[in-house]
$ cat data.csv   # CSV, C-alpha atoms and all ligand atoms
chain,number,residue,atom,x,y,z
A,10,MET,CA,-36.1,-18.7,7.1
A,11,ARG,CA,-33.8,-15.9,8.0
A,12,LYS,CA,-30.9,-15.0,5.7
A,13,THR,CA,-27.4,-14.0,6.6
A,14,ALA,CA,-25.7,-10.7,5.5
A,15,LEU,CA,-22.1,-9.6,6.0
A,16,ILE,CA,-21.7,-5.8,6.0
A,17,THR,CA,-18.2,-4.3,5.9
A,18,GLY,CA,-17.8,-0.9,7.7
A,19,ALA,CA,-20.9,-1.2,9.9
A,20,THR,CA,-19.6,1.0,12.7
A,21,SER,CA,-20.9,4.2,11.1
A,22,GLY,CA,-23.0,5.8,8.4
A,23,ILE,CA,-24.4,3.8,5.5
A,24,GLY,CA,-23.1,0.5,6.8
A,25,LYS,CA,-24.6,1.0,10.3
A,26,ALA,CA,-28.0,2.0,8.8
A,27,THR,CA,-27.9,-1.0,6.5
A,28,ALA,CA,-27.2,-3.3,9.4
A,29,GLN,CA,-30.2,-1.9,11.3
A,30,ILE,CA,-32.7,-2.1,8.3
A,31,LEU,CA,-31.6,-5.6,7.2
A,32,ALA,CA,-31.9,-6.9,10.8
A,33,SER,CA,-35.5,-5.6,10.9
A,34,ASN,CA,-36.2,-7.3,7.6
A,35,GLY,CA,-35.3,-10.9,8.2
A,36,TYR,CA,-31.5,-11.0,8.1
A,37,ASP,CA,-29.0,-12.2,10.7
A,38,LEU,CA,-25.8,-10.2,10.5
A,39,ILE,CA,-22.1,-10.4,10.5
A,40,ILE,CA,-21.0,-6.8,11.1
A,41,THR,CA,-17.4,-5.7,10.6
A,42,GLY,CA,-15.1,-2.7,11.1
A,43,ARG,CA,-12.0,-1.6,13.0
A,44,ARG,CA,-13.7,0.0,16.1
A,45,SER,CA,-14.5,-3.0,18.2
A,46,GLU,CA,-16.4,-1.1,20.9
A,47,LEU,CA,-18.8,0.3,18.3
A,48,LEU,CA,-19.3,-3.1,16.8
A,49,SER,CA,-20.2,-4.6,20.2
A,50,LEU,CA,-22.6,-1.7,21.0
A,51,LEU,CA,-24.3,-2.0,17.6
A,52,SER,CA,-24.6,-5.7,17.9
A,53,GLU,CA,-26.3,-5.4,21.4
A,54,THR,CA,-28.7,-2.7,20.2
A,55,ILE,CA,-29.7,-4.6,17.1
A,56,THR,CA,-30.3,-7.8,18.9
A,57,SER,CA,-32.4,-6.2,21.6
A,58,GLU,CA,-34.4,-4.1,19.2
A,59,THR,CA,-35.0,-6.7,16.4
A,60,GLY,CA,-34.2,-10.1,17.8
A,61,ALA,CA,-31.8,-10.7,15.0
A,62,GLU,CA,-28.7,-12.8,15.6
A,63,VAL,CA,-25.5,-10.7,15.2
A,64,ILE,CA,-21.8,-11.5,15.3
A,65,THR,CA,-18.9,-9.1,15.0
A,66,LEU,CA,-15.6,-9.3,13.2
A,67,CYS,CA,-13.1,-6.6,14.0
A,68,PHE,CA,-10.4,-6.2,11.3
A,69,ASP,CA,-8.9,-3.8,8.8
A,70,VAL,CA,-10.0,-4.6,5.3
A,71,ARG,CA,-6.6,-3.3,4.0
A,72,ASN,CA,-4.8,-6.1,5.8
A,73,ARG,CA,-5.2,-9.2,3.6
A,74,GLU,CA,-4.1,-11.6,6.3
A,75,GLN,CA,-6.5,-10.2,8.9
A,76,ALA,CA,-9.3,-10.1,6.4
A,77,GLU,CA,-8.8,-13.7,5.3
A,78,GLN,CA,-8.5,-14.9,8.9
A,79,ALA,CA,-11.6,-13.1,9.9
A,80,ILE,CA,-13.7,-14.7,7.1
A,81,ASP,CA,-12.0,-18.1,7.7
A,82,SER,CA,-13.1,-17.9,11.3
A,83,LEU,CA,-16.8,-18.2,10.3
A,84,THR,CA,-18.3,-21.6,10.9
A,85,GLY,CA,-21.7,-23.3,10.7
A,86,LYS,CA,-24.6,-21.0,9.6
A,87,TRP,CA,-22.3,-18.0,9.6
A,88,SER,CA,-20.2,-19.4,6.8
A,89,VAL,CA,-23.3,-19.4,4.5
A,90,ILE,CA,-23.5,-15.8,3.5
A,91,ASP,CA,-26.5,-14.8,1.3
A,92,LEU,CA,-25.8,-11.1,1.0
A,93,LEU,CA,-22.4,-9.3,1.1
A,94,VAL,CA,-22.5,-5.5,1.3
A,95,ASN,CA,-19.0,-4.2,0.5
A,96,ASN,CA,-19.4,-0.8,2.1
A,97,ALA,CA,-16.2,0.0,4.0
A,98,GLY,CA,-14.6,2.9,2.3
A,99,LEU,CA,-13.4,6.4,2.6
A,100,ALA,CA,-12.0,9.6,0.9
A,101,VAL,CA,-9.0,11.2,2.5
A,102,GLY,CA,-7.8,14.6,1.5
A,103,ILE,CA,-9.0,16.9,-1.3
A,104,GLU,CA,-6.0,18.2,-3.3
A,105,PRO,CA,-4.8,18.1,-6.9
A,106,VAL,CA,-2.4,15.2,-7.6
A,107,HIS,CA,0.5,17.7,-7.9
A,108,GLU,CA,0.0,18.7,-4.3
A,109,GLY,CA,-1.5,15.5,-2.9
A,110,VAL,CA,-0.4,13.3,0.0
A,111,THR,CA,0.7,9.9,-1.2
A,112,ASP,CA,-0.3,8.2,2.0
A,113,ASP,CA,-3.9,9.4,1.5
A,114,TRP,CA,-3.9,7.6,-1.9
A,115,GLU,CA,-2.6,4.4,-0.4
A,116,ARG,CA,-5.4,4.5,2.2
A,117,MET,CA,-8.1,5.0,-0.4
A,118,ILE,CA,-6.8,2.5,-2.9
A,119,ASP,CA,-6.1,-0.1,-0.2
A,120,THR,CA,-9.5,0.2,1.4
A,121,ASN,CA,-11.9,1.0,-1.4
A,122,ILE,CA,-10.4,-1.3,-4.1
A,123,LYS,CA,-8.1,-3.9,-2.5
A,124,GLY,CA,-10.3,-4.4,0.6
A,125,LEU,CA,-13.4,-4.9,-1.5
A,126,LEU,CA,-11.5,-7.5,-3.6
A,127,TYR,CA,-10.1,-9.4,-0.6
A,128,ILE,CA,-13.6,-9.7,1.0
A,129,SER,CA,-15.3,-10.6,-2.3
A,130,HIS,CA,-12.5,-13.2,-3.1
A,131,LYS,CA,-13.2,-14.9,0.3
A,132,ILE,CA,-17.0,-14.9,0.2
A,133,SER,CA,-17.9,-15.4,-3.4
A,134,PRO,CA,-16.6,-19.1,-3.6
A,135,GLY,CA,-19.3,-20.2,-1.2
A,136,MET,CA,-21.9,-18.4,-3.3
A,137,VAL,CA,-20.6,-20.1,-6.4
A,138,SER,CA,-20.7,-23.6,-4.8
A,139,ARG,CA,-24.3,-22.9,-3.6
A,140,GLY,CA,-25.4,-21.3,-6.9
A,141,SER,CA,-26.9,-18.3,-5.1
A,142,GLY,CA,-26.0,-15.1,-3.4
A,143,HIS,CA,-25.9,-11.3,-3.9
A,144,ILE,CA,-23.0,-8.9,-3.6
A,145,ILE,CA,-23.9,-5.2,-3.3
A,146,ASN,CA,-20.9,-2.8,-3.6
A,147,VAL,CA,-21.2,0.7,-2.3
A,148,SER,CA,-19.8,2.9,-5.1
A,149,SER,CA,-20.5,6.6,-5.5
A,150,ILE,CA,-21.4,9.3,-7.9
A,151,ALA,CA,-17.6,9.5,-8.0
A,152,GLY,CA,-17.7,6.2,-9.9
A,153,HIS,CA,-19.7,7.9,-12.6
A,154,GLU,CA,-18.3,11.4,-12.6
A,155,ILE,CA,-15.0,13.0,-12.0
A,156,TYR,CA,-14.1,16.2,-10.2
A,157,PRO,CA,-10.9,18.1,-9.7
A,158,ASN,CA,-9.1,17.4,-6.4
A,159,GLY,CA,-10.7,14.0,-6.3
A,160,ALA,CA,-8.5,12.0,-8.7
A,161,ALA,CA,-7.6,9.2,-6.3
A,162,TYR,CA,-11.1,8.9,-4.8
A,163,CYS,CA,-12.9,9.1,-8.1
A,164,GLY,CA,-10.3,6.6,-9.4
A,165,THR,CA,-11.2,4.1,-6.6
A,166,LYS,CA,-14.9,4.4,-7.2
A,167,HIS,CA,-14.5,4.0,-11.0
A,168,ALA,CA,-12.5,0.9,-10.1
A,169,VAL,CA,-15.5,-0.3,-8.0
A,170,LYS,CA,-17.7,0.2,-11.0
A,171,ALA,CA,-15.4,-1.9,-13.2
A,172,ILE,CA,-15.0,-4.6,-10.6
A,173,THR,CA,-18.8,-4.8,-10.1
A,174,LYS,CA,-19.4,-5.2,-13.8
A,175,ALA,CA,-16.6,-7.8,-14.2
A,176,MET,CA,-17.8,-9.8,-11.3
A,177,ARG,CA,-21.4,-9.7,-12.6
A,178,MET,CA,-20.1,-11.3,-15.8
A,179,GLU,CA,-17.9,-13.8,-14.0
A,180,LEU,CA,-20.7,-14.9,-11.6
A,181,LEU,CA,-23.5,-14.9,-14.2
A,182,PRO,CA,-23.2,-18.7,-14.9
A,183,TYR,CA,-23.8,-19.3,-11.1
A,184,GLY,CA,-27.0,-17.2,-10.7
A,185,ILE,CA,-25.3,-14.8,-8.4
A,186,LYS,CA,-26.4,-11.2,-8.4
A,187,VAL,CA,-23.8,-8.4,-8.3
A,188,SER,CA,-25.0,-4.8,-7.9
A,189,SER,CA,-23.7,-1.4,-6.9
A,190,VAL,CA,-25.4,1.6,-5.3
A,191,SER,CA,-23.9,5.0,-6.2
A,192,PRO,CA,-24.9,7.8,-3.8
A,193,GLY,CA,-24.2,11.5,-4.0
A,194,MET,CA,-23.6,13.5,-0.8
A,195,VAL,CA,-24.7,11.5,2.3
A,196,GLU,CA,-24.2,13.1,5.7
A,197,THR,CA,-22.1,10.6,7.7
A,198,GLU,CA,-18.6,10.5,9.2
A,199,PHE,CA,-17.4,10.6,5.6
A,200,SER,CA,-16.5,14.4,5.5
A,201,LEU,CA,-14.9,14.3,8.9
A,202,VAL,CA,-12.6,11.5,7.7
A,203,ARG,CA,-12.0,13.3,4.3
A,204,PHE,CA,-10.9,16.4,6.2
A,205,LYS,CA,-8.9,14.5,8.8
A,206,GLY,CA,-11.0,15.4,11.8
A,207,ASP,CA,-11.6,19.1,10.9
A,208,GLN,CA,-15.3,19.3,12.1
A,209,GLY,CA,-15.7,22.9,10.7
A,210,ARG,CA,-14.7,21.9,7.2
A,211,ALA,CA,-16.8,18.8,7.4
A,212,ASP,CA,-19.9,20.8,8.6
A,213,ASN,CA,-19.4,23.2,5.7
A,214,VAL,CA,-20.0,20.5,3.1
A,215,TYR,CA,-23.6,20.1,4.2
A,216,LYS,CA,-24.3,23.9,4.9
A,217,GLY,CA,-27.3,25.4,3.2
A,218,LEU,CA,-28.6,22.2,1.6
A,219,THR,CA,-30.3,19.0,2.5
A,220,PRO,CA,-28.0,16.0,1.9
A,221,LEU,CA,-28.9,12.4,1.8
A,222,PHE,CA,-28.9,10.5,5.1
A,223,ALA,CA,-27.6,7.0,5.7
A,224,PRO,CA,-31.1,5.4,6.0
A,225,ASP,CA,-31.9,6.7,2.5
A,226,ILE,CA,-29.1,4.5,1.1
A,227,ALA,CA,-29.9,1.6,3.5
A,228,GLU,CA,-33.5,1.5,2.3
A,229,ALA,CA,-32.2,1.3,-1.3
A,230,ILE,CA,-29.9,-1.6,-0.4
A,231,LEU,CA,-32.8,-3.4,1.2
A,232,PHE,CA,-34.9,-2.8,-1.9
A,233,MET,CA,-32.1,-4.2,-4.1
A,234,ALA,CA,-31.6,-7.2,-1.8
A,235,ASN,CA,-35.4,-8.0,-1.8
A,236,ARG,CA,-36.0,-8.1,-5.5
A,237,PRO,CA,-37.3,-11.4,-6.9
A,238,VAL,CA,-34.7,-14.0,-7.9
A,239,HIS,CA,-35.0,-13.1,-11.6
A,240,VAL,CA,-34.3,-9.4,-11.0
A,241,ASN,CA,-30.8,-7.9,-10.5
A,242,ILE,CA,-30.4,-4.1,-10.1
A,243,GLU,CA,-27.1,-3.4,-11.7
A,244,ASP,CA,-26.6,0.1,-10.2
A,245,LEU,CA,-28.7,2.7,-8.4
A,246,VAL,CA,-27.6,6.3,-8.6
A,247,ILE,CA,-29.2,8.2,-5.7
A,248,MET,CA,-28.7,12.0,-5.3
A,249,PRO,CA,-30.0,14.6,-2.9
A,250,THR,CA,-32.7,16.8,-4.5
A,251,ASP,CA,-30.2,19.6,-3.8
A,252,GLN,CA,-27.4,18.0,-5.9
A,253,ALA,CA,-27.5,17.5,-9.7
A,254,SER,CA,-24.0,16.3,-10.3
A,255,ALA,CA,-20.8,15.8,-8.4
A,256,ARG,CA,-20.2,19.5,-8.7
A,257,ASP,CA,-23.7,21.1,-8.9
A,258,PHE,CA,-25.4,22.0,-5.6
A,259,ARG,CA,-28.4,24.1,-4.6
A,260,ARG,CA,-27.4,26.0,-1.5
A,261,ARG,CA,-29.7,28.5,0.3
B,301,LIG,P1,-18.4,6.6,7.3
B,301,LIG,O1,-17.1,7.2,7.5
B,301,LIG,O2,-19.5,7.1,8.2
B,301,LIG,O3,-18.3,5.0,7.4
B,301,LIG,C1,-17.3,4.3,6.8
B,301,LIG,C2,-17.2,2.9,7.4
B,301,LIG,O4,-16.2,2.2,6.7
B,301,LIG,C3,-17.0,2.9,8.9
B,301,LIG,O5,-17.8,1.9,9.4
B,301,LIG,C4,-15.5,2.4,9.0
B,301,LIG,O6,-15.3,1.6,10.1
B,301,LIG,C5,-15.3,1.6,7.7
B,301,LIG,N1,-14.0,1.5,7.3
B,301,LIG,C6,-13.2,2.5,6.8
B,301,LIG,N2,-12.0,2.1,6.6
B,301,LIG,C7,-11.9,0.8,7.0
B,301,LIG,C8,-10.9,-0.2,7.0
B,301,LIG,N3,-9.6,0.1,6.6
B,301,LIG,N4,-11.2,-1.4,7.4
B,301,LIG,C9,-12.5,-1.7,7.9
B,301,LIG,N5,-13.5,-0.8,7.9
B,301,LIG,C10,-13.2,0.4,7.4
B,301,LIG,O7,-18.8,6.9,5.8
B,301,LIG,P2,-20.0,6.4,4.9
B,301,LIG,O8,-21.0,5.6,5.6
B,301,LIG,O9,-20.5,7.6,4.2
B,301,LIG,O10,-19.2,5.5,3.8
B,301,LIG,C11,-19.6,4.2,3.5
B,301,LIG,C12,-19.3,4.0,2.0
B,301,LIG,O11,-20.1,4.9,1.2
B,301,LIG,C13,-17.9,4.3,1.5
B,301,LIG,O12,-17.5,3.3,0.6
B,301,LIG,C14,-18.0,5.6,0.8
B,301,LIG,O13,-17.0,5.8,-0.2
B,301,LIG,C15,-19.4,5.5,0.2
B,301,LIG,N6,-20.0,6.8,-0.2
B,301,LIG,C16,-20.2,7.8,0.8
B,301,LIG,C17,-20.8,8.9,0.4
B,301,LIG,C18,-21.0,10.1,1.3
B,301,LIG,O14,-21.3,11.2,0.8
B,301,LIG,N7,-21.0,9.9,2.6
B,301,LIG,C19,-21.3,9.1,-1.0
B,301,LIG,C20,-21.1,8.0,-1.9
B,301,LIG,C21,-20.4,6.9,-1.5
B,301,LIG,P3,-14.1,1.7,11.2
B,301,LIG,O15,-13.6,3.2,11.2
B,301,LIG,O16,-14.7,1.2,12.4
B,301,LIG,O17,-13.1,0.8,10.6
B,302,LIG,C1,-18.8,10.6,-1.9
B,302,LIG,C2,-19.5,11.6,-2.7
B,302,LIG,O1,-19.2,13.6,-4.3
B,302,LIG,O2,-17.7,13.5,-2.4
B,302,LIG,O3,-18.6,9.4,-2.6
B,302,LIG,O4,-17.5,12.0,-4.3
B,302,LIG,S1,-18.4,12.7,-3.5
$ encode --input "data.csv" --output "structure tokens" --more "lines below"
Ligand code: NDP
Ligand code: 8X3
Amino acid sequence: MRKTALITGATSGIGKATAQILASNGYDLIITGRRSELLSLLSETITSETGAEVITLCFDVRNREQAEQAIDSLTGKWSVIDLLVNNAGLAVGIEPVHEGVTDDWERMIDTNIKGLLYISHKISPGMVSRGSGHIINVSSIAGHEIYPNGAAYCGTKHAVKAITKAMRMELLPYGIKVSSVSPGMVETEFSLVRFKGDQGRADNVYKGLTPLFAPDIAEAILFMANRPVHVNIEDLVIMPTDQASARDFRRR
């Protein structure tokens, strides 16, 4: 029997690659994001390529009312979510706190922390009542390490680590798995967003090294989701071979 997964931030990067690989491996999908045309396009492509059933929910995870309404709109089989991938997230700006832009911090905190909590709050009660389910949070090496000019982003990903562990403890009595995946540098739209559309600066991030690519993380998420019932992967740190820490790179 096919399972159902809800993926936040499926219009691009890791979320999109995760949607594609899950659909090819027995999941029907609820894909979400703010860019409705990209959601529709992805939904059509996945259905024609894999035969998976896909529905789309277009909303901003920062907007609690929108997020709650979107999840409340799910009925029938779509209200039974086996796997939640909390992926929507971003970094914006790269300045020290004393020179930072407060609006950038709001965007990161509201998306990476509050959005993840809003969605988990709406979807986990169904898992609790069924006594099964799996939540995989997309964290980061920035949830394990800290680097200068990344205070707010690292703060949000450390928060994701704390929320993941707390929810793992809270959901333990119900047999629900809670995991995180913590990638290093992955080439997606991430750097373009961080540098506010400056393609040159975004390209420089990946110059001279081989980063991870979105399917590398999607494959890991599929692996985590497919473990036997008695196995929960708590966290998976995945780095490019060319990156040894948040600050150590091998560029040629
Ligand atoms: P992308 O920018 O390619 O994708 C981000 C996704 O998040 C998009 O689908 C975007 O959709 C969605 N999103 C962002 N803000 C919102 C919002 N307010 N409401 C709803 N959806 C939103 O980046 P990645 O794929 O790289 O990022 C995915 C996750 O991976 C993030 O949590 C990021 O922190 C994490 N990560 C990324 C790394 C990297 O180097 N790339 C490394 C470690 C972790 P839309 O714009 O349509 O709303
Ligand atoms: C993204 C990776 O190193 O820019 O989470 O924080 S990093």
$ atom_distance --input "data.csv" --atom1 "CA of Lys170 in chain A" --atom2 "CA of Gly109 in chain A"
23.7 Å
$ closest_atom_pairs --input "data.csv" --of "chain A" --to "ligand LIG 302 (chain B)" --cutoff "7 Å" --atoms "only C-alpha atoms and all ligand atoms" --output "CSV"
residue,atom,partner,partner_atom,distance
A:Ser149,CA,B:LIG302,O3,4.5
A:Ile150,CA,B:LIG302,O4,6.0
A:Ala151,CA,B:LIG302,O4,4.5
A:Cys163,CA,B:LIG302,O4,6.6
A:Pro192,CA,B:LIG302,O3,6.6
A:Gly193,CA,B:LIG302,C2,4.9
A:Met194,CA,B:LIG302,C2,4.9
A:Ala255,CA,B:LIG302,O1,4.9
$ closest_residue --input "data.csv" --among "A:Ser129, A:Thr111, A:Thr197, A:Thr59" --to "ligand LIG 301 (chain B)" --atoms "all atoms listed in the file"
A:Thr197
$ atom_distance --input "data.csv" --atom1 "atom C11 of ligand LIG 301 (chain B)" --atom2 "CA of Val195 in chain A"
9.0 Å
$ closest_residue --input "data.csv" --among "A:Ser189, A:Ser148, A:Gln252, A:Asn241" --to "ligand LIG 301 (chain B)" --atoms "only C-alpha atoms and all ligand atoms"
A:Ser148
$ residues_near_ligand --input "data.csv" --ligand "ligand LIG 301 (chain B)" --cutoff "8 Å" --atoms "all atoms listed in the file" --output "ChimeraX atom specification"
/A:17-25,41-45,47-48,67-72,95-100,116,119-121,124,147-151,166,191-202,221,223
$ atom_distance --input "data.csv" --atom1 "CA of Ala61 in chain A" --atom2 "CA of Ala32 in chain A"
5.7 Å
$ closest_residue --input "data.csv" --among "A:Gly142, A:Gly85, A:Gly159, A:Gly60" --to "Val101 in chain A" --atoms "all atoms listed in the file"
A:Gly159
$ closest_residue --input "data.csv" --among "A:Leu92, A:Ile103, A:Leu218, A:Leu126" --to "Ala175 in chain A" --atoms "only C-alpha atoms"
A:Leu126
$ residues_near_point --input "data.csv" --point "(-21.7, -22.8, -8.9)" --cutoff "12 Å" --atoms "only C-alpha atoms" --output "tab-separated table (two decimals) with C-alpha atoms, in the frame of the given file"
chain	number	residue	atom	x	y	z
A	133	SER	CA	-17.90	-15.40	-3.40
A	134	PRO	CA	-16.60	-19.10	-3.60
A	135	GLY	CA	-19.30	-20.20	-1.20
A	136	MET	CA	-21.90	-18.40	-3.30
A	137	VAL	CA	-20.60	-20.10	-6.40
A	138	SER	CA	-20.70	-23.60	-4.80
A	139	ARG	CA	-24.30	-22.90	-3.60
A	140	GLY	CA	-25.40	-21.30	-6.90
A	141	SER	CA	-26.90	-18.30	-5.10
A	142	GLY	CA	-26.00	-15.10	-3.40
A	179	GLU	CA	-17.90	-13.80	-14.00
A	180	LEU	CA	-20.70	-14.90	-11.60
A	181	LEU	CA	-23.50	-14.90	-14.20
A	182	PRO	CA	-23.20	-18.70	-14.90
A	183	TYR	CA	-23.80	-19.30	-11.10
A	184	GLY	CA	-27.00	-17.20	-10.70
A	185	ILE	CA	-25.30	-14.80	-8.40
$ closest_residue --input "data.csv" --among "A:Ile55, A:Lys12, A:Met248, A:Trp87" --to "Ala26 in chain A" --atoms "all atoms listed in the file"
A:Ile55
$ decode --input "data.csv" --residues "range 119-133 of chain A" --atoms "N, CA, C and O atoms" --output "PDB file, in the first residue's frame"
ATOM      1  N   ASP A 119      11.229  33.104  11.524  1.00  0.00           N
ATOM      2  CA  ASP A 119       9.816  32.784  11.265  1.00  0.00           C
ATOM      3  C   ASP A 119       9.670  31.558  10.355  1.00  0.00           C
ATOM      4  O   ASP A 119       8.721  30.783  10.494  1.00  0.00           O
ATOM      5  N   THR A 120      10.599  31.392   9.417  1.00  0.00           N
ATOM      6  CA  THR A 120      10.501  30.251   8.492  1.00  0.00           C
ATOM      7  C   THR A 120      11.086  28.986   9.130  1.00  0.00           C
ATOM      8  O   THR A 120      10.407  27.950   9.231  1.00  0.00           O
ATOM      9  N   ASN A 121      12.346  29.092   9.552  1.00  0.00           N
ATOM     10  CA  ASN A 121      13.089  27.882   9.944  1.00  0.00           C
ATOM     11  C   ASN A 121      12.621  27.313  11.277  1.00  0.00           C
ATOM     12  O   ASN A 121      12.686  26.101  11.490  1.00  0.00           O
ATOM     13  N   ILE A 122      12.177  28.200  12.185  1.00  0.00           N
ATOM     14  CA  ILE A 122      11.758  27.710  13.510  1.00  0.00           C
ATOM     15  C   ILE A 122      10.231  27.693  13.625  1.00  0.00           C
ATOM     16  O   ILE A 122       9.618  26.642  13.837  1.00  0.00           O
ATOM     17  N   LYS A 123       9.615  28.885  13.456  1.00  0.00           N
ATOM     18  CA  LYS A 123       8.175  28.948  13.722  1.00  0.00           C
ATOM     19  C   LYS A 123       7.379  28.157  12.686  1.00  0.00           C
ATOM     20  O   LYS A 123       6.426  27.446  13.023  1.00  0.00           O
ATOM     21  N   GLY A 124       7.793  28.236  11.418  1.00  0.00           N
ATOM     22  CA  GLY A 124       7.090  27.487  10.368  1.00  0.00           C
ATOM     23  C   GLY A 124       7.137  25.989  10.643  1.00  0.00           C
ATOM     24  O   GLY A 124       6.135  25.277  10.523  1.00  0.00           O
ATOM     25  N   LEU A 125       8.317  25.528  11.021  1.00  0.00           N
ATOM     26  CA  LEU A 125       8.490  24.088  11.315  1.00  0.00           C
ATOM     27  C   LEU A 125       7.590  23.676  12.492  1.00  0.00           C
ATOM     28  O   LEU A 125       6.962  22.606  12.470  1.00  0.00           O
ATOM     29  N   LEU A 126       7.506  24.551  13.496  1.00  0.00           N
ATOM     30  CA  LEU A 126       6.647  24.239  14.651  1.00  0.00           C
ATOM     31  C   LEU A 126       5.166  24.238  14.262  1.00  0.00           C
ATOM     32  O   LEU A 126       4.402  23.361  14.677  1.00  0.00           O
ATOM     33  N   TYR A 127       4.753  25.239  13.464  1.00  0.00           N
ATOM     34  CA  TYR A 127       3.332  25.314  13.072  1.00  0.00           C
ATOM     35  C   TYR A 127       2.909  24.021  12.362  1.00  0.00           C
ATOM     36  O   TYR A 127       1.853  23.453  12.640  1.00  0.00           O
ATOM     37  N   ILE A 128       3.759  23.594  11.409  1.00  0.00           N
ATOM     38  CA  ILE A 128       3.391  22.414  10.601  1.00  0.00           C
ATOM     39  C   ILE A 128       3.423  21.149  11.469  1.00  0.00           C
ATOM     40  O   ILE A 128       2.507  20.313  11.412  1.00  0.00           O
ATOM     41  N   SER A 129       4.439  21.035  12.301  1.00  0.00           N
ATOM     42  CA  SER A 129       4.542  19.849  13.167  1.00  0.00           C
ATOM     43  C   SER A 129       3.352  19.793  14.125  1.00  0.00           C
ATOM     44  O   SER A 129       2.793  18.718  14.385  1.00  0.00           O
ATOM     45  N   HIS A 130       2.974  20.962  14.643  1.00  0.00           N
ATOM     46  CA  HIS A 130       1.843  21.051  15.591  1.00  0.00           C
ATOM     47  C   HIS A 130       0.541  20.567  14.955  1.00  0.00           C
ATOM     48  O   HIS A 130      -0.301  19.947  15.616  1.00  0.00           O
ATOM     49  N   LYS A 131       0.373  20.853  13.655  1.00  0.00           N
ATOM     50  CA  LYS A 131      -0.868  20.456  12.975  1.00  0.00           C
ATOM     51  C   LYS A 131      -0.855  18.996  12.557  1.00  0.00           C
ATOM     52  O   LYS A 131      -1.898  18.349  12.504  1.00  0.00           O
ATOM     53  N   ILE A 132       0.322  18.462  12.222  1.00  0.00           N
ATOM     54  CA  ILE A 132       0.352  17.117  11.632  1.00  0.00           C
ATOM     55  C   ILE A 132       0.618  16.033  12.672  1.00  0.00           C
ATOM     56  O   ILE A 132       0.110  14.910  12.551  1.00  0.00           O
ATOM     57  N   SER A 133       1.345  16.349  13.725  1.00  0.00           N
ATOM     58  CA  SER A 133       1.695  15.287  14.693  1.00  0.00           C
ATOM     59  C   SER A 133       0.487  14.730  15.463  1.00  0.00           C
ATOM     60  O   SER A 133       0.515  13.539  15.817  1.00  0.00           O
TER      61      SER A 133
END
